[in-house]
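For reference, coords-v8.cif is printed below; it contains mmCIF, C-alpha atoms and all ligand atoms.
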data_query
#
loop_
_atom_site.label_atom_id
_atom_site.label_comp_id
_atom_site.auth_asym_id
_atom_site.auth_seq_id
_atom_site.Cartn_x
_atom_site.Cartn_y
_atom_site.Cartn_z
CA MET Y 610 -0.36 -25.75 -27.77
CA SER Y 611 1.35 -22.68 -26.32
CA ASP Y 612 4.14 -22.58 -23.74
CA ILE Y 613 1.76 -20.87 -21.34
CA VAL Y 614 -1.99 -21.45 -21.12
CA VAL Y 615 -4.15 -19.11 -19.08
CA VAL Y 616 -7.36 -20.80 -17.91
CA GLY Y 617 -9.97 -18.04 -17.58
CA GLY Y 618 -10.96 -15.23 -19.94
CA GLY Y 619 -12.05 -12.69 -17.33
CA ILE Y 620 -10.37 -9.37 -16.59
CA VAL Y 621 -7.59 -11.02 -14.52
CA GLY Y 622 -6.74 -13.81 -16.99
CA LEU Y 623 -6.81 -11.48 -19.98
CA SER Y 624 -4.65 -8.87 -18.24
CA ILE Y 625 -2.04 -11.52 -17.40
CA ALA Y 626 -2.07 -12.79 -21.00
CA PHE Y 627 -1.77 -9.21 -22.31
CA ARG Y 628 1.30 -8.58 -20.14
CA LEU Y 629 2.86 -11.94 -21.06
CA VAL Y 630 2.38 -11.29 -24.79
CA ARG Y 631 3.96 -7.83 -24.38
CA GLY Y 632 6.88 -9.64 -22.74
CA GLY Y 633 7.30 -11.93 -25.76
CA ALA Y 634 5.68 -15.10 -24.40
CA ASP Y 635 3.71 -17.64 -26.40
CA VAL Y 636 0.29 -17.60 -24.69
CA THR Y 637 -3.18 -19.06 -25.20
CA VAL Y 638 -6.22 -18.11 -23.11
CA LEU Y 639 -8.90 -20.77 -22.65
CA ASP Y 640 -12.22 -19.04 -22.06
CA GLY Y 641 -15.05 -21.22 -20.75
CA GLY Y 642 -17.61 -18.56 -21.65
CA ASP Y 643 -18.97 -18.18 -18.11
CA GLU Y 644 -20.26 -14.79 -16.99
CA GLY Y 645 -17.32 -13.28 -15.13
CA ALA Y 646 -17.69 -10.92 -12.19
CA TRP Y 647 -16.28 -8.18 -14.48
CA GLN Y 648 -19.55 -8.19 -16.49
CA VAL Y 649 -21.45 -7.01 -13.45
CA ALA Y 650 -18.73 -4.96 -11.71
CA ALA Y 651 -19.07 -1.19 -11.50
CA GLY Y 652 -15.32 -0.69 -11.90
CA MET Y 653 -14.58 1.38 -8.82
CA LEU Y 654 -10.83 1.72 -8.33
CA ALA Y 655 -11.03 2.36 -4.61
CA PRO Y 656 -7.90 1.31 -2.72
CA GLY Y 657 -8.94 3.34 0.34
CA GLY Y 658 -12.69 2.81 0.43
CA GLU Y 659 -12.44 -0.91 -0.29
CA SER Y 660 -9.22 -1.31 1.63
CA ALA Y 661 -8.69 -4.11 4.08
CA TYR Y 662 -6.78 -1.93 6.53
CA GLU Y 663 -6.60 -4.93 8.84
CA HIS Y 664 -4.50 -6.62 6.10
CA PRO Y 665 -1.56 -4.24 5.45
CA ALA Y 666 -0.08 -6.33 2.61
CA LEU Y 667 -3.42 -6.26 0.79
CA ALA Y 668 -3.71 -2.50 1.35
CA ARG Y 669 -0.25 -2.09 -0.27
CA LEU Y 670 -1.25 -4.32 -3.19
CA LEU Y 671 -4.43 -2.26 -3.77
CA GLU Y 672 -2.44 1.01 -3.63
CA ARG Y 673 0.18 -0.33 -6.03
CA SER Y 674 -2.44 -1.41 -8.55
CA ALA Y 675 -4.29 1.92 -8.29
CA GLU Y 676 -0.99 3.60 -9.23
CA LEU Y 677 -0.61 1.28 -12.23
CA TRP Y 678 -4.12 1.91 -13.61
CA PRO Y 679 -3.51 5.17 -15.53
CA GLY Y 680 -0.60 3.61 -17.45
CA PHE Y 681 -2.48 0.35 -18.02
CA ALA Y 682 -5.51 2.24 -19.39
CA ARG Y 683 -3.22 4.20 -21.75
CA GLU Y 684 -1.49 1.00 -22.86
CA LEU Y 685 -4.84 -0.51 -23.90
CA GLY Y 686 -4.92 2.23 -26.51
CA VAL Y 687 -8.70 2.84 -26.57
CA ASP Y 688 -11.22 4.55 -24.31
CA VAL Y 689 -11.87 2.21 -21.37
CA GLY Y 690 -13.78 4.76 -19.31
CA TYR Y 691 -10.85 5.54 -17.01
CA ASP Y 692 -12.03 8.60 -15.06
CA ASP Y 693 -10.09 10.35 -12.31
CA THR Y 694 -12.75 12.81 -11.10
CA GLY Y 695 -12.69 11.05 -7.73
CA THR Y 696 -15.13 9.58 -5.23
CA LEU Y 697 -17.39 11.31 -2.73
CA SER Y 698 -17.79 9.16 0.33
CA LEU Y 699 -21.04 10.23 2.01
CA ALA Y 700 -23.12 9.69 5.12
CA MET Y 701 -26.79 10.41 5.72
CA THR Y 702 -27.48 10.02 9.43
CA ALA Y 703 -25.50 10.48 12.66
CA ASP Y 704 -25.02 6.70 12.82
CA ASP Y 705 -23.83 6.64 9.20
CA ILE Y 706 -21.32 9.41 10.01
CA ALA Y 707 -20.03 7.52 13.03
CA GLN Y 708 -19.49 4.40 10.91
CA ALA Y 709 -17.86 6.23 7.97
CA ALA Y 710 -15.67 8.38 10.24
CA ARG Y 711 -13.36 5.44 10.97
CA VAL Y 712 -12.47 5.13 7.28
CA TRP Y 713 -12.31 8.91 6.74
CA THR Y 714 -9.94 9.34 9.69
CA ARG Y 715 -7.68 6.62 8.32
CA GLN Y 716 -7.70 8.23 4.89
CA GLN Y 717 -6.86 11.63 6.49
CA LEU Y 718 -9.35 13.44 4.26
CA PRO Y 719 -10.95 16.74 5.34
CA LEU Y 720 -14.63 16.54 6.28
CA LEU Y 721 -16.87 18.50 3.91
CA ARG Y 722 -20.06 20.30 4.96
CA PRO Y 723 -23.36 19.59 3.15
CA SER Y 724 -23.12 22.89 1.23
CA GLU Y 725 -19.58 22.02 0.05
CA LEU Y 726 -20.72 18.56 -1.01
CA ARG Y 727 -23.63 19.95 -3.04
CA GLU Y 728 -21.29 22.45 -4.69
CA LEU Y 729 -19.24 19.48 -5.91
CA GLU Y 730 -22.32 17.38 -6.75
CA PRO Y 731 -25.49 19.49 -7.13
CA ALA Y 732 -27.82 16.48 -7.54
CA LEU Y 733 -27.17 15.25 -3.97
CA SER Y 734 -30.11 15.14 -1.57
CA PRO Y 735 -30.26 17.87 1.09
CA ARG Y 736 -30.40 14.99 3.61
CA VAL Y 737 -26.69 14.19 3.07
CA ARG Y 738 -25.07 15.22 6.34
CA ALA Y 739 -21.33 14.83 5.75
CA GLY Y 740 -18.73 13.42 3.42
CA VAL Y 741 -15.20 13.53 2.06
CA LEU Y 742 -13.72 13.78 -1.42
CA ALA Y 743 -11.29 10.93 -2.12
CA PRO Y 744 -9.48 12.18 -5.24
CA HIS Y 745 -7.47 8.98 -5.69
CA GLU Y 746 -10.54 6.72 -5.78
CA ARG Y 747 -11.35 6.49 -9.46
CA GLN Y 748 -13.27 4.36 -11.94
CA VAL Y 749 -12.95 2.41 -15.18
CA ASP Y 750 -15.57 0.57 -17.25
CA PRO Y 751 -14.76 -3.17 -16.89
CA ARG Y 752 -16.79 -4.09 -19.99
CA LYS Y 753 -14.70 -1.71 -22.09
CA VAL Y 754 -11.48 -3.00 -20.52
CA VAL Y 755 -12.34 -6.62 -21.36
CA ALA Y 756 -13.37 -5.64 -24.90
CA ALA Y 757 -10.00 -3.89 -25.37
CA LEU Y 758 -8.07 -6.87 -23.98
CA ARG Y 759 -10.01 -9.28 -26.21
CA GLU Y 760 -9.31 -7.11 -29.24
CA SER Y 761 -5.61 -7.02 -28.43
CA LEU Y 762 -5.31 -10.77 -27.79
CA GLY Y 763 -7.47 -11.78 -30.77
CA SER Y 764 -7.03 -15.41 -31.81
CA ARG Y 765 -4.93 -16.20 -28.74
CA ILE Y 766 -8.28 -16.51 -26.94
CA VAL Y 767 -9.82 -19.94 -27.57
CA PRO Y 768 -13.35 -20.82 -26.41
CA LYS Y 769 -12.92 -23.97 -24.32
CA ARG Y 770 -14.25 -25.12 -20.98
CA VAL Y 771 -11.54 -26.81 -18.91
CA GLN Y 772 -12.78 -29.61 -16.64
CA SER Y 773 -9.38 -30.71 -15.34
CA LEU Y 774 -5.91 -29.15 -15.44
CA SER Y 775 -4.50 -32.51 -16.58
CA ASP Y 776 -6.35 -31.93 -19.88
CA VAL Y 777 -4.36 -28.74 -20.53
CA ASP Y 778 -1.39 -29.37 -22.76
CA ALA Y 779 1.13 -26.70 -21.73
CA ARG Y 780 4.43 -26.29 -19.93
CA THR Y 781 2.85 -23.74 -17.59
CA VAL Y 782 -0.82 -23.28 -16.67
CA VAL Y 783 -2.08 -20.06 -15.08
CA VAL Y 784 -5.41 -20.60 -13.35
CA ALA Y 785 -7.33 -17.31 -13.37
CA ALA Y 786 -10.77 -18.82 -13.34
CA GLY Y 787 -12.47 -16.73 -10.64
CA THR Y 788 -14.95 -18.83 -8.66
CA GLY Y 789 -14.20 -21.77 -11.03
CA THR Y 790 -10.70 -21.95 -9.54
CA ALA Y 791 -11.97 -24.06 -6.62
CA ALA Y 792 -13.11 -26.95 -8.84
CA LEU Y 793 -9.87 -26.91 -10.85
CA THR Y 794 -7.38 -26.67 -7.98
CA GLY Y 795 -9.16 -27.58 -4.75
CA LEU Y 796 -8.27 -24.14 -3.36
CA PRO Y 797 -10.83 -22.44 -1.07
CA VAL Y 798 -12.46 -19.93 -3.43
CA ARG Y 799 -16.15 -19.29 -2.71
CA PRO Y 800 -18.77 -17.31 -4.62
CA VAL Y 801 -19.97 -14.09 -2.95
CA LYS Y 802 -23.11 -12.92 -4.68
CA GLY Y 803 -23.52 -9.29 -5.68
CA GLN Y 804 -26.63 -7.75 -7.24
CA VAL Y 805 -26.00 -4.64 -9.34
CA LEU Y 806 -28.36 -2.34 -11.27
CA ARG Y 807 -27.81 -0.16 -14.29
CA LEU Y 808 -29.81 3.01 -14.99
CA ARG Y 809 -29.65 5.29 -18.00
CA GLY Y 810 -30.16 9.03 -18.23
CA GLU Y 811 -28.65 12.13 -19.73
CA PRO Y 812 -24.87 12.43 -19.28
CA GLY Y 813 -23.78 14.90 -16.62
CA LEU Y 814 -26.32 14.29 -13.85
CA LEU Y 815 -23.43 13.18 -11.62
CA ARG Y 816 -19.70 13.85 -11.82
CA HIS Y 817 -18.19 11.72 -9.05
CA VAL Y 818 -18.42 8.14 -7.97
CA LEU Y 819 -20.60 8.15 -4.83
CA ASP Y 820 -19.97 5.66 -2.05
CA ALA Y 821 -22.39 6.04 0.82
CA ALA Y 822 -24.01 4.80 3.97
CA VAL Y 823 -27.73 5.56 3.82
CA ASP Y 824 -29.66 4.76 7.01
CA GLY Y 825 -27.16 1.99 7.72
CA ARG Y 826 -27.20 0.50 4.22
CA GLU Y 827 -24.14 0.62 1.95
CA VAL Y 828 -24.62 1.74 -1.65
CA TYR Y 829 -22.36 2.97 -4.43
CA ILE Y 830 -23.30 4.89 -7.55
CA VAL Y 831 -20.92 5.02 -10.50
CA PRO Y 832 -21.79 7.50 -13.29
CA ARG Y 833 -20.33 6.90 -16.76
CA ALA Y 834 -19.63 9.62 -19.30
CA ASP Y 835 -22.36 8.28 -21.63
CA GLY Y 836 -25.19 8.59 -19.08
CA GLU Y 837 -25.10 5.04 -17.71
CA ILE Y 838 -25.27 4.90 -13.91
CA VAL Y 839 -24.28 1.72 -12.07
CA VAL Y 840 -25.81 1.11 -8.63
CA GLY Y 841 -24.40 -1.60 -6.38
CA ALA Y 842 -24.13 -3.85 -4.64
CA THR Y 843 -25.35 -6.53 -2.32
CA GLN Y 844 -22.87 -8.86 -0.68
CA GLU Y 845 -24.44 -12.26 -0.04
CA GLU Y 846 -22.88 -15.63 0.80
CA ARG Y 847 -25.06 -17.34 -1.82
CA THR Y 848 -24.45 -19.25 -5.04
CA ASP Y 849 -27.77 -18.61 -6.84
CA ARG Y 850 -28.24 -16.18 -9.73
CA LEU Y 851 -31.61 -14.75 -8.65
CA VAL Y 852 -32.28 -11.05 -8.91
CA THR Y 853 -34.42 -10.54 -5.82
CA ALA Y 854 -37.16 -7.97 -5.27
CA GLY Y 855 -35.75 -7.07 -1.86
CA ALA Y 856 -32.26 -6.33 -3.18
CA VAL Y 857 -33.52 -4.22 -6.08
CA HIS Y 858 -35.81 -2.36 -3.67
CA ASP Y 859 -33.03 -1.68 -1.15
CA LEU Y 860 -30.49 -0.59 -3.77
CA LEU Y 861 -32.94 1.76 -5.47
CA ARG Y 862 -34.26 3.14 -2.20
CA SER Y 863 -30.73 3.99 -1.01
CA ALA Y 864 -29.68 5.40 -4.37
CA ILE Y 865 -32.77 7.60 -4.68
CA GLU Y 866 -32.46 8.79 -1.06
CA LEU Y 867 -28.96 9.94 -2.00
CA VAL Y 868 -29.75 11.38 -5.45
CA PRO Y 869 -33.51 11.96 -5.81
CA ALA Y 870 -33.29 12.62 -9.59
CA LEU Y 871 -32.32 8.96 -10.14
CA ALA Y 872 -36.03 8.10 -9.70
CA GLU Y 873 -36.69 9.51 -13.19
CA LEU Y 874 -34.12 7.34 -15.00
CA GLU Y 875 -34.72 4.18 -16.99
CA LEU Y 876 -33.78 0.96 -15.18
CA THR Y 877 -31.93 -0.91 -17.94
CA GLU Y 878 -30.28 -3.89 -16.23
CA THR Y 879 -30.62 -5.97 -13.09
CA THR Y 880 -27.65 -8.30 -12.82
CA VAL Y 881 -26.01 -10.84 -10.54
CA GLY Y 882 -22.32 -11.68 -10.28
CA HIS Y 883 -20.22 -13.76 -7.91
CA ARG Y 884 -17.05 -12.33 -6.46
CA PRO Y 885 -14.38 -14.96 -5.85
CA GLY Y 886 -13.79 -14.82 -2.09
CA THR Y 887 -11.09 -16.61 -0.07
CA PRO Y 888 -10.94 -17.35 3.68
CA ASP Y 889 -9.10 -14.05 4.30
CA ASN Y 890 -10.61 -12.34 1.23
CA ALA Y 891 -7.13 -11.61 -0.14
CA PRO Y 892 -6.14 -13.02 -3.54
CA LEU Y 893 -4.25 -16.23 -4.29
CA LEU Y 894 -1.20 -15.28 -6.34
CA GLY Y 895 1.78 -17.45 -7.20
CA ARG Y 896 2.95 -21.00 -7.72
CA LEU Y 897 0.82 -23.92 -6.66
CA ASP Y 898 3.38 -26.40 -8.02
CA ASP Y 899 6.06 -26.64 -10.74
CA ARG Y 900 3.49 -26.39 -13.54
CA VAL Y 901 0.53 -24.50 -12.10
CA VAL Y 902 0.42 -20.81 -11.16
CA VAL Y 903 -2.72 -19.31 -9.60
CA ALA Y 904 -4.15 -15.78 -9.92
CA ALA Y 905 -7.61 -15.88 -8.36
CA GLY Y 906 -9.70 -14.98 -5.33
CA HIS Y 907 -9.68 -11.21 -5.87
CA HIS Y 908 -13.05 -10.87 -4.13
CA ARG Y 909 -14.26 -7.21 -4.32
CA ASN Y 910 -11.13 -6.01 -6.10
CA GLY Y 911 -10.67 -7.95 -9.34
CA VAL Y 912 -10.88 -4.85 -11.53
CA LEU Y 913 -8.62 -2.74 -9.32
CA LEU Y 914 -6.06 -5.55 -8.91
CA ALA Y 915 -5.87 -6.61 -12.58
CA PRO Y 916 -2.76 -4.54 -13.51
CA VAL Y 917 -0.66 -5.47 -10.47
CA THR Y 918 -1.70 -9.13 -10.80
CA ALA Y 919 -0.67 -9.08 -14.47
CA ASP Y 920 2.73 -7.57 -13.62
CA LEU Y 921 3.44 -9.95 -10.73
CA ILE Y 922 2.40 -13.14 -12.54
CA ALA Y 923 4.06 -12.16 -15.83
CA GLY Y 924 7.22 -11.24 -13.92
CA LEU Y 925 7.22 -14.64 -12.23
CA LEU Y 926 6.84 -16.48 -15.55
CA LEU Y 927 9.04 -14.30 -17.77
CA THR Y 928 12.00 -13.82 -15.43
CA GLY Y 929 11.49 -16.49 -12.78
CA ASP Y 930 11.68 -13.72 -10.16
CA THR Y 931 9.29 -13.87 -7.24
CA ASP Y 932 8.41 -10.28 -6.37
CA PRO Y 933 8.46 -9.81 -2.55
CA MET Y 934 4.87 -8.52 -2.85
CA LEU Y 935 3.79 -12.10 -3.64
CA ALA Y 936 4.96 -13.45 -0.28
CA ASP Y 937 1.69 -12.69 1.55
CA PHE Y 938 -0.59 -14.08 -1.17
CA SER Y 939 0.74 -17.61 -1.72
CA PRO Y 940 -2.02 -19.97 -2.88
CA ARG Y 941 -0.54 -22.52 -0.48
CA ARG Y 942 -1.23 -20.43 2.65
CA PHE Y 943 -4.46 -22.23 3.60
N1 LIG Y 1001 -15.92 -3.62 -5.58
C1 LIG Y 1001 -17.28 -3.46 -5.34
C2 LIG Y 1001 -18.00 -4.71 -5.11
O1 LIG Y 1001 -17.42 -5.77 -5.11
O2 LIG Y 1001 -19.19 -4.64 -4.90
#

Once more with this new file: its structure as structure tokens, please.
Amino acid sequence: MSDIVVVGGGIVGLSIAFRLVRGGADVTVLDGGDEGAWQVAAGMLAPGGESAYEHPALARLLERSAELWPGFARELGVDVGYDDTGTLSLAMTADDIAQAARVWTRQQLPLLRPSELRELEPALSPRVRAGVLAPHERQVDPRKVVAALRESLGSRIVPKRVQSLSDVDARTVVVAAGTGTAALTGLPVRPVKGQVLRLRGEPGLLRHVLDAAVDGREVYIVPRADGEIVVGATQEERTDRLVTAGAVHDLLRSAIELVPALAELELTETTVGHRPGTPDNAPLLGRLDDRVVVAAGHHRNGVLLAPVTADLIAGLLLTGDTDPMLADFSPRRF
């Protein structure tokens, strides 16, 4: 068995293993084969739009990881869909504008008129009343990222479902098991259901990620270079894996209100994932005890936070140094 075993073959566990291997460590990843949240995730890298401004340390962590993403994507050495065109944050009604304005004011982004928005994104509905361009809110394709990490780690990834950490034969165990972390450690990680759709059309219909309030409902639309368009997401405190008629209806209605041409596209996937939430919805990062280190509970930001999590956890294990950024995310804080 390796010196270090990472339990969890999702985007967080694989990124940590990748960074540890680059640092010269002897690492094995145990992958239980569960569907990770990364399989469903749209891959928005949105430190501002998703930011927990009421949690300044988390906001700093999100910003730091957003800065690391371009280098991390390059390091993976293949196309992982990293795209820095930016995000249009949009509002449809006066109430939607009032709600979005709080975030826009905080981001200090200039308000764009409907004509300016349609110049940037011609497929937008004429009903869109206002919006801002967030150039630092970007995207990556999580499925391509995980494929690249798997390719790089190769035989270090072993298919194995871990029932108890006492069964893991290693000096150090990193638990990066998403919602499965609760059963392995007793830590308060809960599943937060998200339903996400995938459409397919000709490339080029949309240029930007769109993040919008449409008649009071939140929706985001993430266009990929190959014509795939991801539409998400519900946020439900539920553990089931049902794709519900109501959620599909609401997501499509909002998306088509925003971009009417989406009605013509093929609906290729309806999916369900579970974000790993914590009581304060900030991640659990650091030592649980002398042997066990935790990297879990990334909630809505697992893809965005993968590079900074990898750096912080690898730093802790390779050098023994506890980065000051870890102080606010101790797994022992609850
Ligand atoms: N980060 C987007 C989501 O969790 O739905």

Do you know which residues are within 8 Å of ligand LIG 1001 (chain Y) using only C-alpha atoms and all ligand atoms? Can you write them as a list in words?
-> Ala650, Ala651, Gly652, Met653, Leu654, Ala655, Glu659, Gly803, Gly841, Ala842, Thr843, Gln844, Arg884, His908, Arg909, Asn910, Gly911 and Val912 of chain Y

Distance in Å - atom CA of Y:Ala915 versus atom CA of Y:Ser624 |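 Atom CA of Y:Ser624 lies 6.2 Å from atom CA of Y:Ala915.
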
Nearby residues, (-4.0, 4.0, -19.9) file frame, 12 Å, all atoms listed in the file, as a ChimeraX atom specification = /Y:675-693,749,754,757,916

Nearest to Y:Leu623 among Y:Ile706, Y:Leu670, Y:Ala756, Y:Val839, with distances taken over only C-alpha atoms: which residue is it?
->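 Checking each of Y:Ile706, Y:Leu670, Y:Ala756, Y:Val839 against Y:Leu623, counting only C-alpha atoms, the winner is Y:Ala756.
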
Would you kindly return, as a list in words, each protein, DNA or RNA residue with an atom no farther than 7 Å from any atom of stretch 875-879 of chain Y, considering all atoms listed in the file and excluding same-chain residues fewer than 6 positions away?
-> Val805, Leu806, Arg807, Leu808, Arg809, Gly810 and Val852 of chain Y

Selection near Y:Leu925, 12 Å with all atoms listed in the file, sequence-local residues under 2 positions removed, as an MDAnalysis selection string | chainID Y and resid 625 628:629 632 781 783 894:896 901:904 918:923 927:935

Using only C-alpha atoms, pick whichever of Y:Ser863, Y:Ser611, Y:Thr853, Y:Thr880 has the shortest atom-to-atom distance to Y:Arg736.
-> Y:Ser863

What is the atom CA of Y:Pro832-atom CA of Y:Leu914 distance in Å, reported with one decimal?
-> 20.9 Å

Of the residues Y:Ala709, Y:Asp640, Y:Gln804, Y:Ala739, which is the one nearest to Y:His858, using all atoms listed in the file?
->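 When distances to Y:His858 are compared using all atoms listed in the file, the smallest one comes from Y:Gln804.
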
Which is closer to Y:Glu866 than all the others in Y:Val614, Y:Leu671, Y:Ile830, Y:Val755, using all atoms listed in the file?
->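 Closest residue, counting all atoms listed in the file: Y:Ile830.
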
Y:Ser773 surroundings by only C-alpha atoms, 12 Å radius, close-in-sequence under 6 positions cut, as a list in words =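 Selected residues are Val616, Val782, Val784, Gly789, Thr790, Ala791, Ala792, Leu793, Thr794 and Gly795 of chain Y.
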
Could you tell me which of Y:Leu814, Y:Leu926, Y:Ala936, Y:Ala821 comes closest to Y:Ala634 if we count all atoms listed in the file?
->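 Checking each candidate against Y:Ala634, we get Y:Leu926 as the closest.
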